[in-house]
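Peer 1: Got a structure here, written out as structure tokens. Questions coming.
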Amino acid sequence: MTRFYSLAEHPCRHSHLLPASSNIGLPPQAAEAGGLPIVGIDRPTKKLLRWLTPLEETDKSLRVMSIVGPAGMGKTTLALELRKLLSCQTSMGHYYFQCNVMAQASRNADRNELLLRDILSQISDPAPARASDQPQPMTLELLVLCVSERLQDKRYVILIDDMYMRRESEWEKIKGAFPDNNIGSRILITTRFPSIAWLCCSDSGGLVHVMKPLNKVDSERLLLLKAFGSVDVCLPDNVKIFVDKILMRCEGVPLFITGMADWLKQQLQEQQHQQEEEEEDEEHKKIAIYSEEQVPEIPKQIEHALSSTFDDIPYELRSLSLYMSMFPYGYKFEKDRPIMRWLCEDLTDDWDEWRNVADKEEAERYFSQLVDRNVITLVAENCKSNPDEAEACQWHVNHFMQQFLASKSAETGFAFTSATGHGNKTRIPRRLALHHPDPCLPSLFETIDFSQTRSLAVSGAVSRIALDKFNLVVLDLEGWENLKDEDLLQVCRSKMFFLQYLSVRNTRVSKLPHEIKELCSLMMLDLRGTRIRQLPKQIVGLRSTLRALLLGSEGMINPIEPATTVPHDVQHLHMLSTLATIDLSEHPASFVEALGAMENLRVLAITWSFHQCTDGAYRKALLSSIKKWKWLKSLTIHCGLGCSMEFLGVLSDPPQNLEKFKVTAGRFATVPKWIRKFKFLSFVQITVCRPETGDLKILRHLLNLQCLVLGLDFIPREDIVIESVGFRELQRFSVDCPVPWLTFRTGAMRKLTYLQLKFCACPASSQTSVPSGIGSLQSLMEVALCYNVRYTNSTNVKVTVKAMREAVAEHDNQIDLFINGVQNYDVQAADEDTESAIRTQSGIDAGTEDDAQAIDVETGRTTTEIQSEIEIEAKAGSDA
């Protein structure tokens, strides 16, 4: 909701709200300053304006920019600011716009017609005075023709806010309304959906700008401005802790920050009123309001915005959205966890229909839609604080969104949590999530009938759960500190005939009971991060039902403990589609070959030792099995350090449906030629040790490749050129090379948003042995540099870091730069020469405020009026 993104009040007006007991105060300049500060978009505005107003006078082609992001991220505010700056151009300026239009997209079935009518009404002559004189509604084709004719000979700027389409053909039908008349016209589009953003820019070579949460500095500035009226306030320690807690919950989302700031401002008003009525103890005043317990569950302002977002969610996604409330607050999860729970549980009124349509691919599509609607968000620290992992795989639900969904779930009876209660005697708790200790639990199990509860999730320090009271479909005990072997035995003996999902991940259980075979409907069993070191042979009794078996401790709480041993008959689990991570180092070659009988495998992760790499029988067995896994979609091989995996290069008939191929620690001489056969490959992690020009050619022509983790175990003798062709879908690129001598051509990796470079202290061969052409990566948003801090002063490290800092500063996008996991906030300092050039081209002299005011006079409005219009338009075109 972008109308909260600006500070609408004069800073000094809040001075009377500040606690008398604190040292908070406003500096004199704040009291004298006017205007409406806009936080967090100043830098991207300058950079995007540079793209919209190129310095080359000969470049007059139509430029289309899409601004994409979830609701509440400030898309409309940024677009309005760009439109305002483009509008502040005098008739003498090179880029004077004769048409300046803002249109609000609709969600109605006739949304395209409504959009074009809106635009046509703003670029046409005034309508007739009488309604009876209005022409009959025109068809879509006629509207496209009329809009195009009126814009054909005019330099125009059009802002389309909150663009929405159900299918690609909708854009094809209306894009003809916006002619490329080669006189410097501009189109700005805001949308919540990345697919729409890229579609609208696909033909024009346009720019897609992805809105990101505010960083820590800007988040604090926005909160202080809204709540206290100034960024220079001096907060007491107890208030600072309180503010930090608020900012942690808001996670950089402007909507949440401004909502909490308004609540905090209200608290200040109430405190001021109390101080005027009665005298209080000084110490008591410091802790009366600023206590963690007084942070509200969901301020009304935020709740209203989230309600609007929830109402916009299609019906088929409502249940999946509410299901996310069953995770504990702040919990980070991999995508497969909710997907597997969705698949195992009836989430629609028609069980058979759900089972038919919701295979894993369909569920992943639903997951992506929840991400687009900001129900599920990527954990930012997952890729920034861990420079060794380029595959971003952890997600979570924002604190406020989760509280909202939990409230909605309890209200509708969909699910009950520790925070919302456990239902009542008249309403059966169909789904129950217990993540916090509750002394009332024993009595609840005596008074409430849980026999109809379908799903149970328990974690944390919860105790005294009567598991025999349930007959479940989903039992998720991940992270339950008090889970014992006896409890797991009780689950197996309770004859939960309908149980399909069982997770004891990250618990202290040490034994999987033989009675596991009694769970005759079990489809998914997650034992990762436990103390279970051996699976009983009775697990083969689940051969007709078990689809997923997850083992190992990779990334779990005990990563150094020995692997879980599986029985030799595990290959008889012929229905398994997911098996991860199985340690093959303790099994004979015959066992590896026998795994080929598991023809239904879709996801497989194995560990492979150095000894097996050198043993011909093992190599032959693995090659034989890979050929038999015809439906395999994901293959991960964790190798011993220094393993040569070159034997895989002779694979003659690899599984054609492979989407993920990941080899860690192992080495290839060159990229295997058979990789080019994959039509669906989206993730590749591979290390090569002998450079060949054909390697990149193989990878760049993978049509669906989205993430590439490439290790180059050699020092390049010449620059490695990334051409403009290929890598059309690549979004994340990680390169591990002693000297990352990469050159990106214009138009290269058009969708790349994340670039990671790992390098070392090897001396560069020349001054030019540094990455170049970073400015050609038009969608780049994050750059991560990783090296051993012991080599900070080495020539190669210093030169590379300097070159990347300069490239980031000069880029058209606002790029976050991370060096060894720490963000550099000063890298985006404004380039005064560039800023001056832009302002001059816009008709604004950077020297005096009078000239800026003259521009406003040219448009017939004062600065204050322009800012007020921005507020009004932001309110009308709010994201939320």
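By convention in this document, the chains of the structure tokens carry letters A, B, ... by their order, each chain's residues are numbered from 1, and ligands are numbered from 1 in the order they are shown.
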Using only C-alpha atoms, which protein or nucleic acid residues come within 8 Å of Pro655 of chain A? Drop anything in the same chain fewer than 5 positions from it, and give the result as a VMD selection string.
Peer 2: chain A and resid 626 to 633
Peer 1: When DSSP is applied to the backbone of this structure, which of segment 726-819 of chain A are assigned alpha helix (DSSP H)? Write them out as a list in words.
Peer 2: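 Assigned to alpha helix (DSSP H), within segment 726-819 of chain A: Thr795, Asn796, Val797, Lys798, Val799, Thr800, Val801, Lys802, Ala803, Met804, Arg805, Glu806, Ala807, Val808, Ala809 and Glu810 of chain A.
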Peer 1: Grab the residues selected above and save them as a short mmCIF file (atom, residue, chain, number, x, y, z; two decimals), in the first residue's frame with N, CA, C and O atoms.
Peer 2:
```cif
data_model
loop_
_atom_site.label_atom_id
_atom_site.label_comp_id
_atom_site.auth_asym_id
_atom_site.auth_seq_id
_atom_site.Cartn_x
_atom_site.Cartn_y
_atom_site.Cartn_z
N THR A 795 46.74 -8.64 -4.39
CA THR A 795 46.49 -7.83 -5.58
C THR A 795 45.22 -8.27 -6.30
O THR A 795 44.38 -7.46 -6.68
N ASN A 796 45.08 -9.57 -6.50
CA ASN A 796 43.93 -10.08 -7.24
C ASN A 796 42.62 -9.73 -6.54
O ASN A 796 41.66 -9.29 -7.18
N VAL A 797 42.58 -9.91 -5.23
CA VAL A 797 41.35 -9.63 -4.47
C VAL A 797 41.03 -8.14 -4.52
O VAL A 797 39.89 -7.73 -4.77
N LYS A 798 42.02 -7.30 -4.29
CA LYS A 798 41.79 -5.85 -4.26
C LYS A 798 41.31 -5.34 -5.61
O LYS A 798 40.38 -4.53 -5.69
N VAL A 799 41.94 -5.81 -6.69
CA VAL A 799 41.56 -5.35 -8.02
C VAL A 799 40.14 -5.80 -8.37
O VAL A 799 39.34 -5.03 -8.92
N THR A 800 39.83 -7.05 -8.05
CA THR A 800 38.50 -7.57 -8.37
C THR A 800 37.42 -6.84 -7.58
O THR A 800 36.37 -6.46 -8.14
N VAL A 801 37.63 -6.66 -6.28
CA VAL A 801 36.64 -5.96 -5.45
C VAL A 801 36.45 -4.53 -5.94
O VAL A 801 35.31 -4.04 -6.05
N LYS A 802 37.54 -3.85 -6.26
CA LYS A 802 37.44 -2.46 -6.74
C LYS A 802 36.64 -2.39 -8.04
O LYS A 802 35.76 -1.53 -8.21
N ALA A 803 36.94 -3.31 -8.96
CA ALA A 803 36.23 -3.31 -10.24
C ALA A 803 34.74 -3.57 -10.06
O ALA A 803 33.91 -2.94 -10.72
N MET A 804 34.39 -4.48 -9.16
CA MET A 804 32.99 -4.81 -8.95
C MET A 804 32.25 -3.69 -8.24
O MET A 804 31.08 -3.41 -8.53
N ARG A 805 32.90 -3.03 -7.31
CA ARG A 805 32.28 -1.89 -6.63
C ARG A 805 31.96 -0.78 -7.64
O ARG A 805 30.88 -0.18 -7.59
N GLU A 806 32.89 -0.52 -8.52
CA GLU A 806 32.67 0.52 -9.52
C GLU A 806 31.56 0.12 -10.49
O GLU A 806 30.71 0.95 -10.86
N ALA A 807 31.54 -1.15 -10.88
CA ALA A 807 30.51 -1.61 -11.81
C ALA A 807 29.12 -1.53 -11.19
O ALA A 807 28.15 -1.15 -11.85
N VAL A 808 29.02 -1.88 -9.91
CA VAL A 808 27.74 -1.81 -9.21
C VAL A 808 27.27 -0.37 -9.09
O VAL A 808 26.09 -0.05 -9.29
N ALA A 809 28.19 0.53 -8.76
CA ALA A 809 27.83 1.94 -8.60
C ALA A 809 27.35 2.55 -9.92
O ALA A 809 26.48 3.43 -9.92
N GLU A 810 27.91 2.10 -11.04
CA GLU A 810 27.57 2.66 -12.33
C GLU A 810 26.36 1.99 -12.98
O GLU A 810 25.86 2.48 -13.99
#
```
Peer 1: List the neighbours of Thr420 of chain A out to 10 Å using only C-alpha atoms; skip same-chain residues closer than 4 positions along the sequence, and give me the result as number ranges by chain.
Peer 2: A: 403, 406-411, 415-416, 433
Peer 1: Which residues, written as a list of chain:residue names, have at least one atom at most 8 Å from segment 259-266 of chain A, with only C-alpha atoms counted and residues fewer than 3 positions away on the same chain left out?
Peer 2: A:Phe4, A:Leu17, A:Leu223, A:Leu224, A:Lys226, A:Ala227, A:Phe228, A:Ile246, A:Leu255, A:Phe256, A:Gln269, A:Glu270, A:Pro299, A:Gln301, A:Ile302
Peer 1: Separation of atom CA of Leu780 of chain A and atom CA of Ala71 of chain A, in Å?
Peer 2: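 Atom CA of Ala71 of chain A lies at a distance of 21.6 Å from atom CA of Leu780 of chain A.
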